[in-house]
file query16.pdb (PDB, C-alpha atoms)
ATOM      1  CA  MET A1060     -11.969  38.396  -3.496  1.00  0.00           C
ATOM      2  CA  ASN A1061      -8.693  36.483  -3.054  1.00  0.00           C
ATOM      3  CA  ASN A1062      -6.929  39.609  -1.845  1.00  0.00           C
ATOM      4  CA  GLN A1063      -9.660  40.176   0.747  1.00  0.00           C
ATOM      5  CA  ASN A1064      -9.281  36.607   2.012  1.00  0.00           C
ATOM      6  CA  GLU A1065      -5.550  37.112   2.324  1.00  0.00           C
ATOM      7  CA  ARG A1066      -6.087  40.226   4.429  1.00  0.00           C
ATOM      8  CA  LYS A1067      -8.550  38.430   6.692  1.00  0.00           C
ATOM      9  CA  ARG A1068      -6.236  35.466   7.284  1.00  0.00           C
ATOM     10  CA  VAL A1069      -5.026  35.435  10.865  1.00  0.00           C
ATOM     11  CA  ARG A1070      -1.586  34.160  11.739  1.00  0.00           C
ATOM     12  CA  GLN A1071      -1.671  31.442  14.372  1.00  0.00           C
ATOM     13  CA  TYR A1072       1.071  30.656  16.860  1.00  0.00           C
ATOM     14  CA  VAL A1073       1.960  27.393  18.601  1.00  0.00           C
ATOM     15  CA  GLN A1074       3.865  27.610  21.870  1.00  0.00           C
ATOM     16  CA  ILE A1075       5.582  24.562  23.340  1.00  0.00           C
ATOM     17  CA  THR A1076       6.577  25.147  26.949  1.00  0.00           C
ATOM     18  CA  ALA A1077       8.426  23.233  29.634  1.00  0.00           C
ATOM     19  CA  GLY A1078       6.672  25.266  32.299  1.00  0.00           C
ATOM     20  CA  ARG A1079       9.128  25.489  35.171  1.00  0.00           C
ATOM     21  CA  GLY A1080      10.310  21.937  34.668  1.00  0.00           C
ATOM     22  CA  PRO A1081      13.887  20.573  34.786  1.00  0.00           C
ATOM     23  CA  VAL A1082      16.303  20.118  31.911  1.00  0.00           C
ATOM     24  CA  GLU A1083      14.538  16.937  30.788  1.00  0.00           C
ATOM     25  CA  CYS A1084      11.390  18.961  30.138  1.00  0.00           C
ATOM     26  CA  ALA A1085      13.445  21.533  28.241  1.00  0.00           C
ATOM     27  CA  ARG A1086      14.845  18.737  26.094  1.00  0.00           C
ATOM     28  CA  THR A1087      11.315  17.396  25.571  1.00  0.00           C
ATOM     29  CA  VAL A1088      10.287  20.815  24.220  1.00  0.00           C
ATOM     30  CA  THR A1089      12.899  20.378  21.467  1.00  0.00           C
ATOM     31  CA  LEU A1090      11.790  16.835  20.681  1.00  0.00           C
ATOM     32  CA  VAL A1091       8.086  17.699  20.615  1.00  0.00           C
ATOM     33  CA  ALA A1092       8.800  20.712  18.373  1.00  0.00           C
ATOM     34  CA  ARG A1093      10.455  18.337  15.914  1.00  0.00           C
ATOM     35  CA  GLU A1094       7.423  16.039  15.976  1.00  0.00           C
ATOM     36  CA  ILE A1095       5.059  18.961  15.395  1.00  0.00           C
ATOM     37  CA  LEU A1096       7.183  20.136  12.461  1.00  0.00           C
ATOM     38  CA  LYS A1097       6.952  16.643  10.972  1.00  0.00           C
ATOM     39  CA  ALA A1098       3.164  16.820  11.215  1.00  0.00           C
ATOM     40  CA  ILE A1099       2.928  20.453  10.087  1.00  0.00           C
ATOM     41  CA  PRO A1100       5.932  21.247   7.852  1.00  0.00           C
ATOM     42  CA  SER A1101       4.681  24.749   7.035  1.00  0.00           C
ATOM     43  CA  LEU A1102       5.282  25.963  10.594  1.00  0.00           C
ATOM     44  CA  LYS A1103       8.113  28.453  11.059  1.00  0.00           C
ATOM     45  CA  LEU A1104      10.080  29.557  14.099  1.00  0.00           C
ATOM     46  CA  ALA A1105       8.830  32.757  15.735  1.00  0.00           C
ATOM     47  CA  ASP A1106      10.696  32.779  19.036  1.00  0.00           C
ATOM     48  CA  CYS A1107      12.456  30.538  21.545  1.00  0.00           C
ATOM     49  CA  GLU A1108      13.783  30.646  25.098  1.00  0.00           C
ATOM     50  CA  PRO A1109      16.935  28.487  25.402  1.00  0.00           C
ATOM     51  CA  HIS A1110      17.732  26.586  28.562  1.00  0.00           C
ATOM     52  CA  ASN A1111      20.298  28.605  30.485  1.00  0.00           C
ATOM     53  CA  GLN A1112      22.832  25.750  30.808  1.00  0.00           C
ATOM     54  CA  THR A1113      22.244  22.987  28.262  1.00  0.00           C
ATOM     55  CA  GLU A1114      22.468  23.150  24.478  1.00  0.00           C
ATOM     56  CA  ASP A1115      19.591  22.048  22.249  1.00  0.00           C
ATOM     57  CA  CYS A1116      17.180  22.361  25.163  1.00  0.00           C
ATOM     58  CA  TYR A1117      14.504  25.058  25.306  1.00  0.00           C
ATOM     59  CA  MET A1118      12.169  26.289  28.007  1.00  0.00           C
ATOM     60  CA  SER A1119       9.806  27.325  25.220  1.00  0.00           C
ATOM     61  CA  ILE A1120       9.606  27.339  21.442  1.00  0.00           C
ATOM     62  CA  THR A1121       7.013  29.353  19.540  1.00  0.00           C
ATOM     63  CA  LEU A1122       6.126  28.475  15.948  1.00  0.00           C
ATOM     64  CA  PHE A1123       3.687  30.157  13.583  1.00  0.00           C
ATOM     65  CA  SER A1124       1.718  29.471  10.436  1.00  0.00           C
ATOM     66  CA  ASP A1125      -0.366  31.478   7.960  1.00  0.00           C
ATOM     67  CA  ASP A1126      -1.649  28.326   6.276  1.00  0.00           C
ATOM     68  CA  PRO A1127      -5.356  27.612   7.031  1.00  0.00           C
ATOM     69  CA  VAL A1128      -4.801  23.880   6.409  1.00  0.00           C
ATOM     70  CA  ALA A1129      -2.014  23.793   8.966  1.00  0.00           C
ATOM     71  CA  GLN A1130      -4.132  25.748  11.425  1.00  0.00           C
ATOM     72  CA  SER A1131      -6.837  23.073  11.293  1.00  0.00           C
ATOM     73  CA  VAL A1132      -4.269  20.480  12.437  1.00  0.00           C
ATOM     74  CA  ILE A1133      -2.698  22.610  15.163  1.00  0.00           C
ATOM     75  CA  GLY A1134      -5.698  22.111  17.448  1.00  0.00           C
ATOM     76  CA  ASP A1135      -4.944  18.368  17.666  1.00  0.00           C
ATOM     77  CA  TRP A1136      -1.842  19.240  19.676  1.00  0.00           C
ATOM     78  CA  GLN A1137      -3.493  21.565  22.161  1.00  0.00           C
ATOM     79  CA  GLY A1138      -2.871  20.405  25.738  1.00  0.00           C
ATOM     80  CA  THR A1139      -0.196  18.317  27.448  1.00  0.00           C
ATOM     81  CA  VAL A1140       2.242  16.118  25.523  1.00  0.00           C
ATOM     82  CA  LEU A1141       4.046  13.207  27.200  1.00  0.00           C
ATOM     83  CA  TRP A1142       7.523  11.989  26.321  1.00  0.00           C
ATOM     84  CA  VAL A1143       8.510   8.629  27.840  1.00  0.00           C
ATOM     85  CA  SER A1144      12.304   8.568  27.956  1.00  0.00           C
ATOM     86  CA  THR A1145      14.172   5.378  27.158  1.00  0.00           C
ATOM     87  CA  ASN A1146      17.512   7.027  27.854  1.00  0.00           C
ATOM     88  CA  ASN A1147      18.328  10.061  30.003  1.00  0.00           C
ATOM     89  CA  PRO A1148      21.819  11.475  29.314  1.00  0.00           C
ATOM     90  CA  TYR A1149      21.267  14.357  31.735  1.00  0.00           C
ATOM     91  CA  ARG A1150      20.579  12.276  34.853  1.00  0.00           C
ATOM     92  CA  PRO A1151      21.168   8.603  33.967  1.00  0.00           C
ATOM     93  CA  ALA A1152      20.324   7.360  37.466  1.00  0.00           C
ATOM     94  CA  HIS A1153      17.040   9.280  37.657  1.00  0.00           C
ATOM     95  CA  LYS A1154      14.100   6.882  37.966  1.00  0.00           C
ATOM     96  CA  ARG A1155      11.546   9.193  36.406  1.00  0.00           C
ATOM     97  CA  LYS A1156      10.691   8.358  32.787  1.00  0.00           C
ATOM     98  CA  ASN A1157       7.660  10.553  32.053  1.00  0.00           C
ATOM     99  CA  TRP A1158       8.277  14.150  31.001  1.00  0.00           C
ATOM    100  CA  PHE A1159       5.467  16.549  30.155  1.00  0.00           C
ATOM    101  CA  VAL A1160       5.342  19.743  28.125  1.00  0.00           C
ATOM    102  CA  GLY A1161       2.449  22.031  27.294  1.00  0.00           C
ATOM    103  CA  VAL A1162       1.328  22.947  23.783  1.00  0.00           C
ATOM    104  CA  ASN A1163      -0.826  26.050  23.455  1.00  0.00           C
ATOM    105  CA  PHE A1164      -1.936  27.956  20.395  1.00  0.00           C
ATOM    106  CA  PHE A1165      -3.150  31.514  20.024  1.00  0.00           C
ATOM    107  CA  ASP A1166      -3.969  33.962  17.266  1.00  0.00           C
ATOM    108  CA  ASP A1167      -1.837  36.912  16.355  1.00  0.00           C
ATOM    109  CA  VAL A1168      -2.873  40.166  17.989  1.00  0.00           C
ATOM    110  CA  GLU A1169      -4.693  42.252  15.388  1.00  0.00           C
ATOM    111  CA  LEU A1170      -3.530  45.801  15.983  1.00  0.00           C
ATOM    112  CA  PRO A1171      -5.011  48.700  14.035  1.00  0.00           C
ATOM    113  CA  GLU A1172      -2.711  50.381  11.557  1.00  0.00           C
ATOM    114  CA  ILE A1173      -2.430  54.120  12.016  1.00  0.00           C
ATOM    115  CA  ARG A1174      -2.797  55.429   8.472  1.00  0.00           C
ATOM    116  CA  GLU A1175      -4.141  58.830   7.518  1.00  0.00           C
ATOM    117  CA  CYS A1176      -6.465  57.318   4.907  1.00  0.00           C
ATOM    118  CA  ASP A1177      -8.167  55.280   7.684  1.00  0.00           C
ATOM    119  CA  ILE A1178      -9.102  58.362   9.715  1.00  0.00           C
ATOM    120  CA  ARG A1179     -12.539  59.896   9.065  1.00  0.00           C
ATOM    121  CA  TYR A1180     -13.158  63.457  10.206  1.00  0.00           C
ATOM    122  CA  GLU A1181     -16.617  64.830  10.985  1.00  0.00           C
ATOM    123  CA  THR A1182     -17.537  68.325  12.075  1.00  0.00           C
ATOM    124  CA  CYS A1183     -20.308  69.277  14.477  1.00  0.00           C
ATOM    125  CA  ARG A1184     -21.403  72.159  16.630  1.00  0.00           C
ATOM    126  CA  SER A1185     -19.716  72.588  19.950  1.00  0.00           C
ATOM    127  CA  GLY A1186     -21.839  72.896  23.063  1.00  0.00           C
ATOM    128  CA  GLY A1187     -21.298  74.728  26.317  1.00  0.00           C
ATOM    129  CA  LYS A1188     -19.394  77.915  26.862  1.00  0.00           C
ATOM    130  CA  GLY A1189     -17.428  79.697  24.181  1.00  0.00           C
ATOM    131  CA  GLY A1190     -19.615  82.394  22.763  1.00  0.00           C
ATOM    132  CA  GLN A1191     -21.790  82.726  19.727  1.00  0.00           C
ATOM    133  CA  ASN A1192     -19.199  81.418  17.282  1.00  0.00           C
ATOM    134  CA  VAL A1193     -18.722  78.156  19.148  1.00  0.00           C
ATOM    135  CA  ASN A1194     -22.442  77.393  19.334  1.00  0.00           C
ATOM    136  CA  LYS A1195     -23.456  78.314  15.783  1.00  0.00           C
ATOM    137  CA  VAL A1196     -20.472  77.200  13.684  1.00  0.00           C
ATOM    138  CA  GLU A1197     -19.352  73.577  13.335  1.00  0.00           C
ATOM    139  CA  THR A1198     -15.942  73.968  14.947  1.00  0.00           C
ATOM    140  CA  SER A1199     -15.922  70.680  16.876  1.00  0.00           C
ATOM    141  CA  VAL A1200     -14.234  67.747  15.117  1.00  0.00           C
ATOM    142  CA  ARG A1201     -14.667  64.006  15.650  1.00  0.00           C
ATOM    143  CA  ALA A1202     -11.858  61.800  14.320  1.00  0.00           C
ATOM    144  CA  THR A1203     -12.633  58.105  13.862  1.00  0.00           C
ATOM    145  CA  HIS A1204     -10.231  55.287  13.034  1.00  0.00           C
ATOM    146  CA  THR A1205     -12.530  53.343  10.700  1.00  0.00           C
ATOM    147  CA  PRO A1206     -10.888  49.862  10.934  1.00  0.00           C
ATOM    148  CA  SER A1207     -11.166  49.735  14.735  1.00  0.00           C
ATOM    149  CA  GLY A1208     -14.055  52.138  15.359  1.00  0.00           C
ATOM    150  CA  ILE A1209     -12.003  54.052  17.943  1.00  0.00           C
ATOM    151  CA  SER A1210     -12.850  57.757  17.939  1.00  0.00           C
ATOM    152  CA  VAL A1211     -12.189  61.004  19.772  1.00  0.00           C
ATOM    153  CA  LYS A1212     -13.938  64.381  19.739  1.00  0.00           C
ATOM    154  CA  CYS A1213     -12.181  67.697  20.119  1.00  0.00           C
ATOM    155  CA  SER A1214     -13.789  71.089  20.702  1.00  0.00           C
ATOM    156  CA  ASP A1215     -11.029  72.807  22.670  1.00  0.00           C
ATOM    157  CA  GLU A1216     -10.310  75.512  20.103  1.00  0.00           C
ATOM    158  CA  ARG A1217     -12.485  78.018  18.221  1.00  0.00           C
ATOM    159  CA  SER A1218     -10.890  77.018  14.924  1.00  0.00           C
ATOM    160  CA  GLN A1219     -12.084  73.878  13.138  1.00  0.00           C
ATOM    161  CA  LEU A1220      -8.593  73.442  11.681  1.00  0.00           C
ATOM    162  CA  GLN A1221      -7.004  73.517  15.131  1.00  0.00           C
ATOM    163  CA  ASN A1222      -9.558  71.053  16.511  1.00  0.00           C
ATOM    164  CA  ARG A1223      -8.913  68.732  13.578  1.00  0.00           C
ATOM    165  CA  ALA A1224      -5.195  68.717  14.311  1.00  0.00           C
ATOM    166  CA  LEU A1225      -5.810  68.094  18.024  1.00  0.00           C
ATOM    167  CA  ALA A1226      -8.317  65.340  17.283  1.00  0.00           C
ATOM    168  CA  ARG A1227      -5.829  63.590  15.012  1.00  0.00           C
ATOM    169  CA  GLU A1228      -3.113  63.800  17.642  1.00  0.00           C
ATOM    170  CA  ARG A1229      -5.371  62.442  20.391  1.00  0.00           C
ATOM    171  CA  LEU A1230      -6.673  59.661  18.176  1.00  0.00           C
ATOM    172  CA  ILE A1231      -3.154  58.496  17.380  1.00  0.00           C
ATOM    173  CA  LEU A1232      -2.267  58.536  21.079  1.00  0.00           C
ATOM    174  CA  LYS A1233      -5.411  56.556  21.885  1.00  0.00           C
ATOM    175  CA  LEU A1234      -4.615  54.002  19.177  1.00  0.00           C
ATOM    176  CA  ARG A1235      -1.072  53.617  20.445  1.00  0.00           C
ATOM    177  CA  ARG A1236      -2.372  52.986  23.961  1.00  0.00           C
ATOM    178  CA  TYR A1237      -4.766  50.436  22.503  1.00  0.00           C
ATOM    179  CA  ASN A1238      -1.848  48.768  20.704  1.00  0.00           C
ATOM    180  CA  ASP A1239       0.261  48.699  23.857  1.00  0.00           C
ATOM    181  CA  ASP A1240      -2.582  47.284  25.965  1.00  0.00           C
ATOM    182  CA  ALA A1241      -3.386  44.595  23.391  1.00  0.00           C
ATOM    183  CA  MET A1242       0.256  43.579  23.089  1.00  0.00           C
ATOM    184  CA  ALA A1243       0.713  43.484  26.868  1.00  0.00           C
ATOM    185  CA  GLU A1244      -2.395  41.326  27.249  1.00  0.00           C
ATOM    186  CA  SER A1245      -1.167  38.923  24.577  1.00  0.00           C
ATOM    187  CA  GLN A1246       2.266  38.623  26.203  1.00  0.00           C
ATOM    188  CA  SER A1247       0.627  38.068  29.584  1.00  0.00           C
ATOM    189  CA  ARG A1248      -1.448  35.196  28.176  1.00  0.00           C
ATOM    190  CA  GLN A1249       1.635  33.648  26.593  1.00  0.00           C
ATOM    191  CA  TRP A1250       3.664  33.793  29.799  1.00  0.00           C
ATOM    192  CA  SER A1251       0.779  32.379  31.814  1.00  0.00           C
ATOM    193  CA  ASN A1252       1.132  29.228  29.722  1.00  0.00           C
ATOM    194  CA  HIS A1253       4.462  28.602  31.433  1.00  0.00           C
ATOM    195  CA  ASN A1254       2.739  28.489  34.810  1.00  0.00           C
ATOM    196  CA  SER A1255      -0.375  26.513  33.862  1.00  0.00           C
ATOM    197  CA  LEU A1256       1.160  23.291  32.546  1.00  0.00           C
ATOM    198  CA  GLU A1257      -1.064  20.370  33.525  1.00  0.00           C
ATOM    199  CA  ARG A1258       0.624  16.997  33.868  1.00  0.00           C
ATOM    200  CA  GLY A1259      -1.503  14.002  33.047  1.00  0.00           C
ATOM    201  CA  ASN A1260      -4.137  13.163  30.419  1.00  0.00           C
ATOM    202  CA  PRO A1261      -1.775  13.951  27.510  1.00  0.00           C
ATOM    203  CA  VAL A1262      -3.183  14.555  24.037  1.00  0.00           C
ATOM    204  CA  LYS A1263      -0.069  13.011  22.465  1.00  0.00           C
ATOM    205  CA  LYS A1264       2.435  10.410  23.700  1.00  0.00           C
ATOM    206  CA  PHE A1265       5.934   9.716  22.399  1.00  0.00           C
ATOM    207  CA  ARG A1266       8.643   7.301  23.432  1.00  0.00           C
ATOM    208  CA  GLY A1267      12.371   7.537  22.828  1.00  0.00           C
ATOM    209  CA  PRO A1268      15.715   8.797  24.159  1.00  0.00           C
ATOM    210  CA  LEU A1269      16.112  12.350  25.366  1.00  0.00           C
TER     211      LEU A1269
END

call {"tool": "encode", "arguments": {"input": "query16.pdb", "output": "structure tokens"}}
result
Amino acid sequence: MNNQNERKRVRQYVQITAGRGPVECARTVTLVAREILKAIPSLKLADCEPHNQTEDCYMSITLFSDDPVAQSVIGDWQGTVLWVSTNNPYRPAHKRKNWFVGVNFFDDVELPEIRECDIRYETCRSGGKGGQNVNKVETSVRATHTPSGISVKCSDERSQLQNRALARERLILKLRRYNDDAMAESQSRQWSNHNSLERGNPVKKFRGPL
């Protein structure tokens, strides 16, 4: 039972983004990441996008956790986080004190593994043209990827063995397209977070030097 629970556990990611904000927002990303790590020590670094000019400043930082306890706390950070600066070393004369970053979380994309033991083959009679052999003998083959339910049917050839090989090939291609589409959709959602940062009504507020 424990092994099954481990397999069902979904990795969760936390993305802290400056949106398209200035260097102060990029610095705030670093500071907020530190605060989140204090609250959830089990988080680990997955990815980051450094600021193109200033050290220790990031346009985004992505953390992850496999710990269910940590995942229950992550939701408290979802939304906009405000950092009120008491000192701005980047632009000391700048009057603005409030800097906002976005915190978003999302689950890992569950992509089907392409393993031979997960493919189920079924034979059936082929319909349509092809002669007596095609209609009376089960030469058509359906290949199903059991974890995802994705399937293909092949009846191109007269030989069941040939149709099995073609069905396997087409199923793998279909699964790979599914993987690519799922990954592209996930990346699109992540990047949209950079453009959807809402300033105001923060879920967390901090005060200190940048």

call {"tool": "resolve_selection", "arguments": {"input": "query16.pdb", "expression": "the PyMOL selection byres ((chain A and resi 1096) around 12)", "output": "compact mmCIF listing (two decimals) with C-alpha atoms, in the coordinates of the input"}}
result
# COMPACT_ATOMS: atom_id res chain seq x y z
CA VAL A 1073 1.96 27.39 18.60
CA ILE A 1075 5.58 24.56 23.34
CA THR A 1089 12.90 20.38 21.47
CA LEU A 1090 11.79 16.84 20.68
CA VAL A 1091 8.09 17.70 20.62
CA ALA A 1092 8.80 20.71 18.37
CA ARG A 1093 10.46 18.34 15.91
CA GLU A 1094 7.42 16.04 15.98
CA ILE A 1095 5.06 18.96 15.40
CA LYS A 1097 6.95 16.64 10.97
CA ALA A 1098 3.16 16.82 11.22
CA ILE A 1099 2.93 20.45 10.09
CA PRO A 1100 5.93 21.25 7.85
CA SER A 1101 4.68 24.75 7.04
CA LEU A 1102 5.28 25.96 10.59
CA LYS A 1103 8.11 28.45 11.06
CA LEU A 1104 10.08 29.56 14.10
CA ILE A 1120 9.61 27.34 21.44
CA THR A 1121 7.01 29.35 19.54
CA LEU A 1122 6.13 28.48 15.95
CA PHE A 1123 3.69 30.16 13.58
CA SER A 1124 1.72 29.47 10.44
CA ALA A 1129 -2.01 23.79 8.97
CA VAL A 1132 -4.27 20.48 12.44
CA ILE A 1133 -2.70 22.61 15.16
CA TRP A 1136 -1.84 19.24 19.68

call {"tool": "closest_residue", "arguments": {"input": "query16.pdb", "among": "A:Val1140, A:Asn1163, A:Ala1105, A:Arg1150", "to": "Val1262 of chain A", "atoms": "only C-alpha atoms"}}
result
A:Val1140

call {"tool": "closest_residue", "arguments": {"input": "query16.pdb", "among": "A:Gln1074, A:Glu1083, A:Asn1238, A:Ser1210", "to": "His1153 of chain A", "atoms": "all atoms listed in the file"}}
result
A:Glu1083

call {"tool": "resolve_selection", "arguments": {"input": "query16.pdb", "expression": "the PyMOL selection byres ((chain A and resi 1081) around 12)", "output": "number ranges by chain"}}
result
A: 1076-1080, 1082-1088, 1110-1113, 1116-1118, 1149-1150, 1155, 1158-1160

call {"tool": "resolve_selection", "arguments": {"input": "query16.pdb", "expression": "the PyMOL selection byres ((chain A and resi 1229) around 12)", "output": "ChimeraX atom specification"}}
result
/A:1200-1204,1209-1213,1222-1228,1230-1236

call {"tool": "write_last_selection", "arguments": {"input": "query16.pdb", "atoms": "C-alpha atoms", "output": "compact mmCIF listing (two decimals), in the coordinates of the input"}}
result
# COMPACT_ATOMS: atom_id res chain seq x y z
CA VAL A 1200 -14.23 67.75 15.12
CA ARG A 1201 -14.67 64.01 15.65
CA ALA A 1202 -11.86 61.80 14.32
CA THR A 1203 -12.63 58.10 13.86
CA HIS A 1204 -10.23 55.29 13.03
CA ILE A 1209 -12.00 54.05 17.94
CA SER A 1210 -12.85 57.76 17.94
CA VAL A 1211 -12.19 61.00 19.77
CA LYS A 1212 -13.94 64.38 19.74
CA CYS A 1213 -12.18 67.70 20.12
CA ASN A 1222 -9.56 71.05 16.51
CA ARG A 1223 -8.91 68.73 13.58
CA ALA A 1224 -5.20 68.72 14.31
CA LEU A 1225 -5.81 68.09 18.02
CA ALA A 1226 -8.32 65.34 17.28
CA ARG A 1227 -5.83 63.59 15.01
CA GLU A 1228 -3.11 63.80 17.64
CA LEU A 1230 -6.67 59.66 18.18
CA ILE A 1231 -3.15 58.50 17.38
CA LEU A 1232 -2.27 58.54 21.08
CA LYS A 1233 -5.41 56.56 21.88
CA LEU A 1234 -4.62 54.00 19.18
CA ARG A 1235 -1.07 53.62 20.44
CA ARG A 1236 -2.37 52.99 23.96

call {"tool": "residues_near_point", "arguments": {"input": "query16.pdb", "point": "(-5.0, 54.0, 7.4)", "cutoff": "12 Å", "atoms": "only C-alpha atoms", "output": "number ranges by chain"}}
result
A: 1170-1179, 1203-1207, 1231, 1234

call {"tool": "atom_distance", "arguments": {"input": "query16.pdb", "atom1": "atom CA of Gly1267 of chain A", "atom2": "atom CA of Gln1130 of chain A"}}
result
27.1 Å

call {"tool": "axis_aligned_box", "arguments": {"input": "query16.pdb", "around": "segment 1103-1119 of chain A", "padding_each_side": "8 Å", "output": "JSON"}}
result
{"center_x": 15.5, "center_y": 27.4, "center_z": 20.9, "size_x": 30.7, "size_y": 26.7, "size_z": 35.7}

call {"tool": "closest_residue", "arguments": {"input": "query16.pdb", "among": "A:Gln1219, A:Thr1182, A:Gln1071, A:Asn1146", "to": "Gly1134 of chain A", "atoms": "only C-alpha atoms"}}
result
A:Gln1071

call {"tool": "closest_residue", "arguments": {"input": "query16.pdb", "among": "A:Gly1138, A:Ser1214, A:Arg1070, A:Pro1261", "to": "Glu1197 of chain A", "atoms": "only C-alpha atoms"}}
result
A:Ser1214

call {"tool": "atom_distance", "arguments": {"input": "query16.pdb", "atom1": "atom CA of Asp1215 of chain A", "atom2": "atom CA of Ser1199 of chain A"}}
result
7.9 Å

call {"tool": "atom_distance", "arguments": {"input": "query16.pdb", "atom1": "atom CA of Arg1217 of chain A", "atom2": "atom CA of Arg1184 of chain A"}}
result
10.8 Å
